[in-house]
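Structure first, then comments.
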2 protein chains.
Amino acid sequence: MALHHVYVSDLSAFSQAQAIDISGDEAHHAVRVKRLEVGDVLTLVDGKGRTLEGPISGVTKDRRTDGWRITIDASAGIRSVARPASILTVFAAAPKGDRLDEMIDGLSQVGVAKWHPLLSKRSVVDPRPTKLDRLQRVALESMKQCGRAWVLEIGEPVAITRVPMGRDTVVADGSGGPFTPGSIPSSGPSSLLIGPEGGLAPEELAALRAAGCVVLAFGPHIMRVETAAVVAAAFVTARG
Amino acid sequence: MALHHVYVSDLSAFSQAQAIDISGDEAHHAVRVKRLEVGDVLTLVDGKGRTLEGPISGVTKDRRTDGWRITIDASAGIRSVARPASILTVFAAAPKGDRLDEMIDGLSQVGVAKWHPLLSKRSVVDPRPTKLDRLQRVALESMKQCGRAWVLEIGEPVAITRVPMGRDTVVADGSGGPFTPGSIPSSGPSSLLIGPEGGLAPEELAALRAAGCVVLAFGPHIMRVETAAVVAAAFVTARG
């Protein structure tokens, strides 16, 4: 089993620290849900490539706030993990409700660097800024679960006409030829575009093809947006 | 957009029919949710490879049951779709709650033929027969959405020691080498095994390796069971 992961917003602030105090939800979860105790080792991660592994040296209750506080022995020092060499940005229409959370969690697990909500003719959901903030929390939780050191970034909504064009952009669409390893650049594409539930409009697809994007199908059946995004991203990043 | 799909339990019973009546939930959904009318074309599918496409010739309300009934013109005849040549059976531990439904929906979308709940040392969920019946409904709904002619079968729970062994069985586990197209039989493996949330026990993994199974990792990070199952199945079926 992987060590329990705790999110800290910026580990670089603790580069000289001998001990790091954690309070709030993360401390509550570690003490009350995971039942961690003094001596248990955990991993701190800040989503910007920095991690620190160390044992819990203290568990106390803050009298003022009545919340838990855990202290981590920081003597092992902060470790820096380089950003992965192949970085994939996914432009995908936001599906409705819980399926958007599922998609973010899935994209995080398969190693996508950044997601932008795609705005196209048939997109029905245009996530508001408050929603995007909440999704960043989903990405942080997913990062802890799956052991990433870099968090999946939640980007701004992008209109389909503003997506990067050319050979480095793969479009997942049932009208394309079947994916084979030879069908994408060997360096790995940098952008992946997935249309909304109702599909890309014919004129949108024509414009993407005209601009040199590689249109590929990633399976024999019609996939939901969140399944198509995660499966296509997994195929494409496996090339990196 | 694909035509609306309606599930009929056995289309072979209508091989001589000129018209087919549909009632119950499927009729209600077509009339009230999809707002289909006389003249609209839809697809009937029975999950056993038989489909029939035809226009609605009548929409009536049954006075006795107060439910909707639609009549489909069956003159186009029943079409038979052969079972896909490469058939993949997935043995995966059941994740908790809604995530099991998500997994079934995802496995259906990527073209898996059959799923068995896997019972292993660290499996926590052993789905009851009533649950498995409900999952067959999830698979039927997914079949309609994704345009399959053969429904994903929901199998009985299988102990890890009873899973088929050998080169035709791929085990998705982080301890394996990275997946490459050359790492699996070119005919496509017939079984895929995914361990539970806590992972396979070391002795289980050792037994699978000793029996000749191919252990592979399908991504750089730790994946939830339902993500691992869908992504690994997509990779493996892409070979077929």
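Going through the structure tokens in order, the chains are called A, B, and so on, while each chain numbers its residues from 1 and the ligands are numbered from 1 in the order shown.
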Write out as JSON lines the residues of chain B that have any atom within 10 Å of an atom of chain A, one row each with the nearest atom pair and its distance in Å to one decimal, counting only C-alpha atoms, sorted by chain and then rising number.
```
{"residue": "B:Met1", "atom": "CA", "partner": "A:Gly198", "partner_atom": "CA", "distance": 6.7}
{"residue": "B:Ala2", "atom": "CA", "partner": "A:Ile222", "partner_atom": "CA", "distance": 8.8}
{"residue": "B:Arg99", "atom": "CA", "partner": "A:Glu102", "partner_atom": "CA", "distance": 9.4}
{"residue": "B:Glu102", "atom": "CA", "partner": "A:Glu102", "partner_atom": "CA", "distance": 9.1}
{"residue": "B:Asp105", "atom": "CA", "partner": "A:Thr227", "partner_atom": "CA", "distance": 9.1}
{"residue": "B:Gly106", "atom": "CA", "partner": "A:Thr227", "partner_atom": "CA", "distance": 6.5}
{"residue": "B:Leu107", "atom": "CA", "partner": "A:Thr227", "partner_atom": "CA", "distance": 9.7}
{"residue": "B:Ser108", "atom": "CA", "partner": "A:His221", "partner_atom": "CA", "distance": 8.8}
{"residue": "B:Gln109", "atom": "CA", "partner": "A:Met223", "partner_atom": "CA", "distance": 5.6}
{"residue": "B:Val110", "atom": "CA", "partner": "A:Gly219", "partner_atom": "CA", "distance": 6.0}
{"residue": "B:Gly111", "atom": "CA", "partner": "A:Pro220", "partner_atom": "CA", "distance": 6.9}
{"residue": "B:Ser142", "atom": "CA", "partner": "A:Met223", "partner_atom": "CA", "distance": 9.6}
{"residue": "B:Met143", "atom": "CA", "partner": "A:His221", "partner_atom": "CA", "distance": 9.2}
{"residue": "B:Lys144", "atom": "CA", "partner": "A:Ile222", "partner_atom": "CA", "distance": 9.9}
{"residue": "B:Gln145", "atom": "CA", "partner": "A:Ile222", "partner_atom": "CA", "distance": 7.3}
{"residue": "B:Cys146", "atom": "CA", "partner": "A:Ile222", "partner_atom": "CA", "distance": 4.4}
{"residue": "B:Gly147", "atom": "CA", "partner": "A:His221", "partner_atom": "CA", "distance": 6.1}
{"residue": "B:Arg148", "atom": "CA", "partner": "A:His221", "partner_atom": "CA", "distance": 6.7}
{"residue": "B:Pro178", "atom": "CA", "partner": "A:Ala238", "partner_atom": "CA", "distance": 8.7}
{"residue": "B:Phe179", "atom": "CA", "partner": "A:Ala238", "partner_atom": "CA", "distance": 8.1}
{"residue": "B:Thr180", "atom": "CA", "partner": "A:Ala238", "partner_atom": "CA", "distance": 8.4}
{"residue": "B:Pro181", "atom": "CA", "partner": "A:Pro181", "partner_atom": "CA", "distance": 8.5}
{"residue": "B:Glu197", "atom": "CA", "partner": "A:Met1", "partner_atom": "CA", "distance": 9.7}
{"residue": "B:Gly198", "atom": "CA", "partner": "A:Met1", "partner_atom": "CA", "distance": 6.7}
{"residue": "B:Gly199", "atom": "CA", "partner": "A:Met1", "partner_atom": "CA", "distance": 7.7}
{"residue": "B:Phe218", "atom": "CA", "partner": "A:Ala238", "partner_atom": "CA", "distance": 8.0}
{"residue": "B:Gly219", "atom": "CA", "partner": "A:Val110", "partner_atom": "CA", "distance": 6.0}
{"residue": "B:Pro220", "atom": "CA", "partner": "A:Gly111", "partner_atom": "CA", "distance": 6.9}
{"residue": "B:His221", "atom": "CA", "partner": "A:Cys146", "partner_atom": "CA", "distance": 5.5}
{"residue": "B:Ile222", "atom": "CA", "partner": "A:Cys146", "partner_atom": "CA", "distance": 4.4}
{"residue": "B:Met223", "atom": "CA", "partner": "A:Gln109", "partner_atom": "CA", "distance": 5.6}
{"residue": "B:Arg224", "atom": "CA", "partner": "A:Gln109", "partner_atom": "CA", "distance": 7.9}
{"residue": "B:Glu226", "atom": "CA", "partner": "A:Gly106", "partner_atom": "CA", "distance": 9.5}
{"residue": "B:Thr227", "atom": "CA", "partner": "A:Gly106", "partner_atom": "CA", "distance": 6.5}
{"residue": "B:Ala228", "atom": "CA", "partner": "A:Gln109", "partner_atom": "CA", "distance": 9.0}
{"residue": "B:Val230", "atom": "CA", "partner": "A:Val231", "partner_atom": "CA", "distance": 7.7}
{"residue": "B:Val231", "atom": "CA", "partner": "A:Val231", "partner_atom": "CA", "distance": 5.7}
{"residue": "B:Ala232", "atom": "CA", "partner": "A:Val231", "partner_atom": "CA", "distance": 9.0}
{"residue": "B:Ala233", "atom": "CA", "partner": "A:Val231", "partner_atom": "CA", "distance": 9.6}
{"residue": "B:Ala234", "atom": "CA", "partner": "A:Val231", "partner_atom": "CA", "distance": 6.9}
{"residue": "B:Phe235", "atom": "CA", "partner": "A:Phe235", "partner_atom": "CA", "distance": 7.3}
{"residue": "B:Thr237", "atom": "CA", "partner": "A:Gly219", "partner_atom": "CA", "distance": 8.4}
{"residue": "B:Ala238", "atom": "CA", "partner": "A:Gly219", "partner_atom": "CA", "distance": 7.0}
{"residue": "B:Arg239", "atom": "CA", "partner": "A:Thr180", "partner_atom": "CA", "distance": 9.2}
```
Distance query Glu26 in chain B at most 10 Å, only C-alpha atoms, self and fewer than 2 positions along chain excluded, as a JSON list (two decimals) with N, CA, C and O atoms, in the first residue's frame:
```json
[["chain", "number", "residue", "atom", "x", "y", "z"],
["B", 5, "HIS", "N", -32.18, 3.84, -29.34],
["B", 5, "HIS", "CA", -32.20, 2.38, -29.22],
["B", 5, "HIS", "C", -33.20, 1.93, -28.17],
["B", 5, "HIS", "O", -33.27, 2.53, -27.09],
["B", 6, "VAL", "N", -33.95, 0.90, -28.48],
["B", 6, "VAL", "CA", -34.93, 0.33, -27.55],
["B", 6, "VAL", "C", -34.60, -1.15, -27.35],
["B", 6, "VAL", "O", -34.35, -1.87, -28.32],
["B", 7, "TYR", "N", -34.58, -1.57, -26.08],
["B", 7, "TYR", "CA", -34.27, -2.96, -25.78],
["B", 7, "TYR", "C", -35.52, -3.84, -25.85],
["B", 7, "TYR", "O", -36.56, -3.50, -25.29],
["B", 8, "VAL", "N", -35.41, -4.96, -26.57],
["B", 8, "VAL", "CA", -36.46, -5.97, -26.65],
["B", 8, "VAL", "C", -35.80, -7.29, -26.25],
["B", 8, "VAL", "O", -34.71, -7.59, -26.74],
["B", 22, "ILE", "N", -44.27, -2.16, -28.43],
["B", 22, "ILE", "CA", -43.40, -1.95, -27.27],
["B", 22, "ILE", "C", -44.21, -1.22, -26.21],
["B", 22, "ILE", "O", -44.85, -0.21, -26.52],
["B", 23, "SER", "N", -44.17, -1.73, -24.97],
["B", 23, "SER", "CA", -44.86, -1.02, -23.88],
["B", 23, "SER", "C", -43.90, -0.90, -22.69],
["B", 23, "SER", "O", -42.71, -1.13, -22.83],
["B", 24, "GLY", "N", -44.43, -0.52, -21.54],
["B", 24, "GLY", "CA", -43.59, -0.42, -20.33],
["B", 24, "GLY", "C", -42.64, 0.77, -20.38],
["B", 24, "GLY", "O", -42.87, 1.76, -21.08],
["B", 28, "HIS", "N", -42.52, 4.37, -22.54],
["B", 28, "HIS", "CA", -42.66, 5.63, -21.81],
["B", 28, "HIS", "C", -41.47, 6.56, -22.10],
["B", 28, "HIS", "O", -41.65, 7.75, -22.38],
["B", 29, "HIS", "N", -40.27, 5.97, -22.05],
["B", 29, "HIS", "CA", -39.06, 6.76, -22.27],
["B", 29, "HIS", "C", -39.04, 7.34, -23.70],
["B", 29, "HIS", "O", -38.72, 8.52, -23.89],
["B", 30, "ALA", "N", -39.41, 6.52, -24.67],
["B", 30, "ALA", "CA", -39.38, 6.96, -26.07],
["B", 30, "ALA", "C", -40.38, 8.11, -26.31],
["B", 30, "ALA", "O", -40.08, 9.08, -27.01],
["B", 31, "VAL", "N", -41.56, 7.99, -25.69],
["B", 31, "VAL", "CA", -42.62, 8.98, -25.94],
["B", 31, "VAL", "C", -42.45, 10.23, -25.09],
["B", 31, "VAL", "O", -42.54, 11.35, -25.59],
["B", 68, "TRP", "N", -47.97, 3.95, -22.05],
["B", 68, "TRP", "CA", -47.79, 4.18, -23.48],
["B", 68, "TRP", "C", -47.45, 2.89, -24.20],
["B", 68, "TRP", "O", -46.82, 2.00, -23.64],
["B", 69, "ARG", "N", -47.88, 2.82, -25.46],
["B", 69, "ARG", "CA", -47.49, 1.70, -26.31],
["B", 69, "ARG", "C", -47.10, 2.27, -27.67],
["B", 69, "ARG", "O", -47.82, 3.12, -28.21],
["B", 70, "ILE", "N", -45.93, 1.85, -28.17],
["B", 70, "ILE", "CA", -45.54, 2.28, -29.51],
["B", 70, "ILE", "C", -45.47, 1.06, -30.42],
["B", 70, "ILE", "O", -45.13, -0.05, -29.98]]
```
Q) What residues in range 5-39 of chain A get the DSSP label helix (DSSP H, G or I)? Please answer as an MDAnalysis selection string. A) chainID A and resid 11:14 24:33
Take the selection from the previous step and output its residues with N, CA and C atoms, as an mmCIF file, in the first residue's frame.
```
data_model
loop_
_atom_site.group_PDB
_atom_site.id
_atom_site.type_symbol
_atom_site.label_atom_id
_atom_site.label_comp_id
_atom_site.auth_asym_id
_atom_site.auth_seq_id
_atom_site.Cartn_x
_atom_site.Cartn_y
_atom_site.Cartn_z
ATOM 1 N N LEU A 11 5.214 23.569 -0.502
ATOM 2 C CA LEU A 11 6.258 22.985 0.352
ATOM 3 C C LEU A 11 7.535 23.807 0.354
ATOM 4 N N SER A 12 7.741 24.637 -0.682
ATOM 5 C CA SER A 12 8.999 25.397 -0.733
ATOM 6 C C SER A 12 9.123 26.363 0.448
ATOM 7 N N ALA A 13 7.981 26.715 1.040
ATOM 8 C CA ALA A 13 7.999 27.601 2.207
ATOM 9 C C ALA A 13 8.631 26.915 3.419
ATOM 10 N N PHE A 14 8.771 25.585 3.348
ATOM 11 C CA PHE A 14 9.290 24.827 4.496
ATOM 12 C C PHE A 14 10.672 24.251 4.233
ATOM 13 N N GLY A 24 -6.558 21.693 10.033
ATOM 14 C CA GLY A 24 -7.702 21.721 9.111
ATOM 15 C C GLY A 24 -8.154 20.328 8.687
ATOM 16 N N ASP A 25 -8.816 20.279 7.521
ATOM 17 C CA ASP A 25 -9.396 19.027 7.015
ATOM 18 C C ASP A 25 -8.371 17.908 6.855
ATOM 19 N N GLU A 26 -7.174 18.278 6.378
ATOM 20 C CA GLU A 26 -6.162 17.249 6.127
ATOM 21 C C GLU A 26 -5.748 16.570 7.438
ATOM 22 N N ALA A 27 -5.618 17.372 8.514
ATOM 23 C CA ALA A 27 -5.238 16.806 9.815
ATOM 24 C C ALA A 27 -6.381 15.959 10.370
ATOM 25 N N HIS A 28 -7.603 16.470 10.253
ATOM 26 C CA HIS A 28 -8.776 15.746 10.734
ATOM 27 C C HIS A 28 -8.870 14.382 10.036
ATOM 28 N N HIS A 29 -8.701 14.390 8.712
ATOM 29 C CA HIS A 29 -8.809 13.153 7.931
ATOM 30 C C HIS A 29 -7.737 12.141 8.350
ATOM 31 N N ALA A 30 -6.505 12.643 8.548
ATOM 32 C CA ALA A 30 -5.395 11.745 8.915
ATOM 33 C C ALA A 30 -5.637 11.099 10.281
ATOM 34 N N VAL A 31 -6.164 11.898 11.219
ATOM 35 C CA VAL A 31 -6.316 11.412 12.594
ATOM 36 C C VAL A 31 -7.604 10.594 12.770
ATOM 37 N N ARG A 32 -8.714 11.122 12.233
ATOM 38 C CA ARG A 32 -10.007 10.504 12.521
ATOM 39 C C ARG A 32 -10.417 9.442 11.508
ATOM 40 N N VAL A 33 -10.040 9.620 10.238
ATOM 41 C CA VAL A 33 -10.458 8.639 9.222
ATOM 42 C C VAL A 33 -9.366 7.597 9.005
#
```
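When only C-alpha atoms are used to measure the gap to Pro196 in chain A, the shortest distance among A:Gly166, A:Gly177, A:Pro127, A:Pro117 belongs to A:Pro117.
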Q) Got a sec: who's within 9 Å of range 202-210 of chain A, counting only C-alpha atoms, leaving out chain neighbours fewer than 5 positions off, as a list in words? A) Ser120, Lys121, Ile160, Thr161, Met165, Gly166, Val171, Asp173 and Val215 of chain A
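In this comparison, which uses only C-alpha atoms, the residue of B:Val138, B:Val214, B:Leu88, B:Ala93 approaching Lys114 in chain B most closely is B:Leu88.
As for CA of Asp46 in chain A and CA of Ala149 in chain A, they are spaced 7.2 Å apart.
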Q: For Ser15 in chain B, work out the shell of residues within 10 Å, counting only C-alpha atoms and skipping chain neighbours fewer than 6 positions away, then give it as a ChimeraX atom specification.
A: /B:74,77-79
